[in-house]
Amino acid sequence: MENTEPDLRWNIIYQAAQEEKIKTLFKLFRKNGIEPILIKGWSVSRYFPAHISRLAMDIDLAFDRESYLTARQISKTTKINVDLHNELRHLETVAYTDLYEHSQSIELNNGSQIRVLCPEDSLRVICVHWLNDGGIKKDRLWDIYYCVKNRPSNFNWERCLNIVSPKRRKWILTAIAVAHHYLQLPLDDVPFIDEVNQPGFIPNWIHRTLENEWKSEITLAPLISVWKHPTKLLQQIKKRIPPNAIQAVIETESAFENSSPLFIQIKDMFARMLPRKGNEASISTLFFNKFKR
Amino acid sequence: MSNSTNLQARTEGLVIQEMSDEVLVYDLNTNKAHCLNQTAAFVWKKCDGKNSVSDIAGLLENEFNAPVQDDLVWLAIDQLSKDNLLEAKPIASPIAGLSRREVVKRIGLASVVALPIVASLIAPTTALAGTCSACAGDPGNCNQPACLGTTMCPVNTCVP
């Protein structure tokens, strides 16, 4: 067993297994007349070098609004851990029909055809997703790194950045600039290099937030997952006061400004206490639903 | 010994990747990956429900042009069975209860054929793990207590 590096060996079989699961899921949904789009996870890992593992515990599939509920029912018939998305909700403002129109059919190594977002839309989604998690996962910053570094030669920055609002455009550029700053993502050949190189392009509070999160021993976890563990629950509540500033900006659809985001954080804290549509598993939603009954 | 009919390699729920001198296997049911060296892979492929242990030993002899004892095949079968890569457990194994060291002693150091190895592959420690949505959505879905308070979960092994 000397020819293959252990990590490479793992990556080869892990990727093959992921592709098998994806193939099975597409077959299942297509049999029922539904065409999903694979987002995040494997669709990002294909930009990674072969020797680097990029694990994903589930497979993320997006569906149009009309198919979503049927897809949920169908997903109950499989043991594969699949995360279903009702279009792309907060991750994207571009119409799903537009995303679908620009999506691509690609072939897996096992020969099956699957659908993924075009590289431009995919990069936008992973940037917003990373920010929406408060940037707490430094390892996930590599997603942005490799999607930019290994983008196709015909990558259309116009499509990626300029079909969304200037506020969202700044979000995407900030995420890319963060990958440039902390992971030395090369940006010499991008059209926005002068913009992101401006002093203070990344507000100082973003650096502070990220660096505090990355050195913190307590990772932000859904409250529902620690509900029965008082010590951990307390830790998680403490971690939320004040809320992660980056997450607060994204959740409240605010802009990345150089001024302190304190008011945005307060606004987000109150918003989080209310039940949110599409987040049925949040404690506030569960509580309100119980109360309504 | 009724070892001729129940030696059947499992095929369902497995992803198999042939490499130049080994076979990688991923069990979709348990999310575990294994690496079979040439000898183990050869034995596994010959478990077709028809070949007996002696038949497989004979086939191995032909393949490697060297004498092969039945115990070497049993050693492979024992490992394949432990890793759930056979349809059913073999009914009677003459090496049952013996340690690997004792079996290797029985086979003898003179064996030219490499000893069968079924190694478990584990996710590299440097792996970029994903969010464990099983924990996030419903902690009951994840049986790893260490998952609580963490969002990293590479292949059912949660790390802080």
# chains A, B, ... in the order shown; residues from 1 in each chain; ligands from 1
call {"tool": "interface_residues", "arguments": {"of": "chain A", "to": "chain B", "cutoff": "6 Å", "atoms": "only C-alpha atoms", "output": "count of residues only"}}
result
12
call {"tool": "atom_distance", "arguments": {"atom1": "atom CA of Thr209 of chain A", "atom2": "atom CA of Asn258 of chain A"}}
result
13.2 Å
call {"tool": "select_by_dssp", "arguments": {"residues": "segment 20-205 of chain A", "states": "strand (DSSP E)", "output": "PDB file with C-alpha atoms, in the first residue's frame"}}
result
ATOM      1  CA  ILE A  37     -29.709  22.109  -8.025  1.00  0.00           C
ATOM      2  CA  LEU A  38     -26.777  20.885  -5.978  1.00  0.00           C
ATOM      3  CA  ILE A  39     -25.326  23.733  -3.915  1.00  0.00           C
ATOM      4  CA  ILE A  59     -25.852  17.024   0.543  1.00  0.00           C
ATOM      5  CA  ASP A  60     -27.453  20.408  -0.082  1.00  0.00           C
ATOM      6  CA  LEU A  61     -30.107  20.524  -2.764  1.00  0.00           C
ATOM      7  CA  ALA A  62     -32.144  23.552  -3.783  1.00  0.00           C
ATOM      8  CA  PHE A  63     -35.651  23.295  -5.215  1.00  0.00           C
ATOM      9  CA  VAL A  82     -29.834  15.569   2.559  1.00  0.00           C
ATOM     10  CA  ASP A  83     -30.424  19.229   3.359  1.00  0.00           C
ATOM     11  CA  LEU A  84     -33.267  20.629   1.277  1.00  0.00           C
ATOM     12  CA  HIS A  85     -33.443  24.326   0.458  1.00  0.00           C
ATOM     13  CA  ASN A  86     -36.593  26.142  -0.522  1.00  0.00           C
ATOM     14  CA  GLN A 104     -25.019  23.886 -15.432  1.00  0.00           C
ATOM     15  CA  SER A 105     -25.370  20.199 -16.037  1.00  0.00           C
ATOM     16  CA  ILE A 106     -22.133  18.442 -15.246  1.00  0.00           C
ATOM     17  CA  GLU A 107     -21.029  14.834 -15.354  1.00  0.00           C
ATOM     18  CA  GLN A 113     -25.408  14.076 -14.980  1.00  0.00           C
ATOM     19  CA  ILE A 114     -26.237  16.473 -12.189  1.00  0.00           C
ATOM     20  CA  ARG A 115     -27.134  20.146 -11.959  1.00  0.00           C
ATOM     21  CA  VAL A 116     -25.059  22.763 -10.149  1.00  0.00           C
TER      22      VAL A 116
END
call {"tool": "select_by_dssp", "arguments": {"residues": "segment 9-72 of chain A", "states": "helix (DSSP H, G or I)", "output": "PyMOL selection string"}}
result
chain A and resi 9-31+41-45+65-72
call {"tool": "write_last_selection", "arguments": {"atoms": "N, CA and C atoms", "output": "tab-separated table (two decimals), in the first residue's frame"}}
result
chain	number	residue	atom	x	y	z
A	9	ARG	N	-5.79	8.77	-0.63
A	9	ARG	CA	-6.59	7.54	-0.70
A	9	ARG	C	-7.99	7.79	-0.11
A	10	TRP	N	-7.98	8.45	1.05
A	10	TRP	CA	-9.26	8.77	1.70
A	10	TRP	C	-10.09	9.68	0.79
A	11	ASN	N	-9.45	10.68	0.26
A	11	ASN	CA	-10.17	11.64	-0.59
A	11	ASN	C	-10.80	10.96	-1.79
A	12	ILE	N	-10.05	10.06	-2.40
A	12	ILE	CA	-10.54	9.38	-3.60
A	12	ILE	C	-11.83	8.62	-3.28
A	13	ILE	N	-11.79	7.84	-2.22
A	13	ILE	CA	-12.96	7.00	-1.92
A	13	ILE	C	-14.10	7.85	-1.35
A	14	TYR	N	-13.75	8.88	-0.58
A	14	TYR	CA	-14.79	9.74	-0.01
A	14	TYR	C	-15.54	10.49	-1.12
A	15	GLN	N	-14.77	11.01	-2.08
A	15	GLN	CA	-15.40	11.72	-3.20
A	15	GLN	C	-16.29	10.76	-4.01
A	16	ALA	N	-15.78	9.55	-4.22
A	16	ALA	CA	-16.56	8.56	-4.99
A	16	ALA	C	-17.87	8.25	-4.27
A	17	ALA	N	-17.78	8.14	-2.94
A	17	ALA	CA	-18.99	7.84	-2.15
A	17	ALA	C	-19.97	9.01	-2.22
A	18	GLN	N	-19.43	10.22	-2.11
A	18	GLN	CA	-20.30	11.41	-2.20
A	18	GLN	C	-21.02	11.44	-3.55
A	19	GLU	N	-20.26	11.14	-4.59
A	19	GLU	CA	-20.85	11.18	-5.94
A	19	GLU	C	-21.93	10.12	-6.10
A	20	GLU	N	-21.72	9.00	-5.46
A	20	GLU	CA	-22.73	7.93	-5.52
A	20	GLU	C	-24.02	8.39	-4.84
A	21	LYS	N	-23.86	9.06	-3.70
A	21	LYS	CA	-25.04	9.56	-2.97
A	21	LYS	C	-25.76	10.62	-3.81
A	22	ILE	N	-24.99	11.50	-4.42
A	22	ILE	CA	-25.58	12.57	-5.23
A	22	ILE	C	-26.33	11.96	-6.42
A	23	LYS	N	-25.71	10.97	-7.03
A	23	LYS	CA	-26.34	10.29	-8.17
A	23	LYS	C	-27.69	9.68	-7.73
A	24	THR	N	-27.67	9.02	-6.58
A	24	THR	CA	-28.89	8.39	-6.07
A	24	THR	C	-29.99	9.43	-5.85
A	25	LEU	N	-29.59	10.56	-5.25
A	25	LEU	CA	-30.59	11.60	-4.94
A	25	LEU	C	-31.18	12.20	-6.22
A	26	PHE	N	-30.34	12.51	-7.17
A	26	PHE	CA	-30.85	13.09	-8.43
A	26	PHE	C	-31.80	12.11	-9.12
A	27	LYS	N	-31.43	10.84	-9.07
A	27	LYS	CA	-32.27	9.80	-9.69
A	27	LYS	C	-33.64	9.78	-8.99
A	28	LEU	N	-33.59	9.85	-7.67
A	28	LEU	CA	-34.82	9.79	-6.87
A	28	LEU	C	-35.75	10.96	-7.19
A	29	PHE	N	-35.19	12.17	-7.20
A	29	PHE	CA	-36.05	13.34	-7.43
A	29	PHE	C	-36.51	13.42	-8.88
A	30	ARG	N	-35.63	13.05	-9.80
A	30	ARG	CA	-36.01	13.10	-11.22
A	30	ARG	C	-37.11	12.09	-11.53
A	31	LYS	N	-37.07	10.97	-10.84
A	31	LYS	CA	-38.12	9.94	-11.02
A	31	LYS	C	-39.48	10.55	-10.69
A	41	GLY	N	-21.23	22.17	-0.50
A	41	GLY	CA	-20.67	20.81	-0.43
A	41	GLY	C	-19.85	20.36	-1.62
A	42	TRP	N	-20.32	19.29	-2.25
A	42	TRP	CA	-19.55	18.67	-3.34
A	42	TRP	C	-19.32	19.67	-4.48
A	43	SER	N	-20.30	20.53	-4.73
A	43	SER	CA	-20.15	21.46	-5.86
A	43	SER	C	-19.00	22.44	-5.60
A	44	VAL	N	-18.63	22.60	-4.34
A	44	VAL	CA	-17.48	23.45	-4.00
A	44	VAL	C	-16.20	22.61	-3.95
A	45	SER	N	-16.33	21.38	-3.43
A	45	SER	CA	-15.14	20.54	-3.26
A	45	SER	C	-14.46	20.23	-4.59
A	65	ARG	N	-39.88	26.76	-5.41
A	65	ARG	CA	-40.89	26.82	-4.37
A	65	ARG	C	-42.00	25.78	-4.58
A	66	GLU	N	-42.35	25.55	-5.83
A	66	GLU	CA	-43.46	24.64	-6.14
A	66	GLU	C	-43.10	23.18	-5.82
A	67	SER	N	-41.84	22.86	-5.97
A	67	SER	CA	-41.43	21.45	-5.79
A	67	SER	C	-40.99	21.15	-4.36
A	68	TYR	N	-40.73	22.19	-3.59
A	68	TYR	CA	-40.07	22.00	-2.31
A	68	TYR	C	-40.80	21.02	-1.36
A	69	LEU	N	-42.10	21.22	-1.21
A	69	LEU	CA	-42.83	20.37	-0.26
A	69	LEU	C	-42.85	18.91	-0.72
A	70	THR	N	-43.04	18.72	-2.02
A	70	THR	CA	-43.00	17.35	-2.55
A	70	THR	C	-41.62	16.76	-2.32
A	71	ALA	N	-40.60	17.58	-2.56
A	71	ALA	CA	-39.21	17.10	-2.37
A	71	ALA	C	-39.00	16.67	-0.92
A	72	ARG	N	-39.58	17.41	0.00
A	72	ARG	CA	-39.42	17.05	1.42
A	72	ARG	C	-40.02	15.68	1.70
call {"tool": "atom_distance", "arguments": {"atom1": "atom CA of Arg106 of chain B", "atom2": "atom CA of Gln8 of chain B"}}
result
25.2 Å
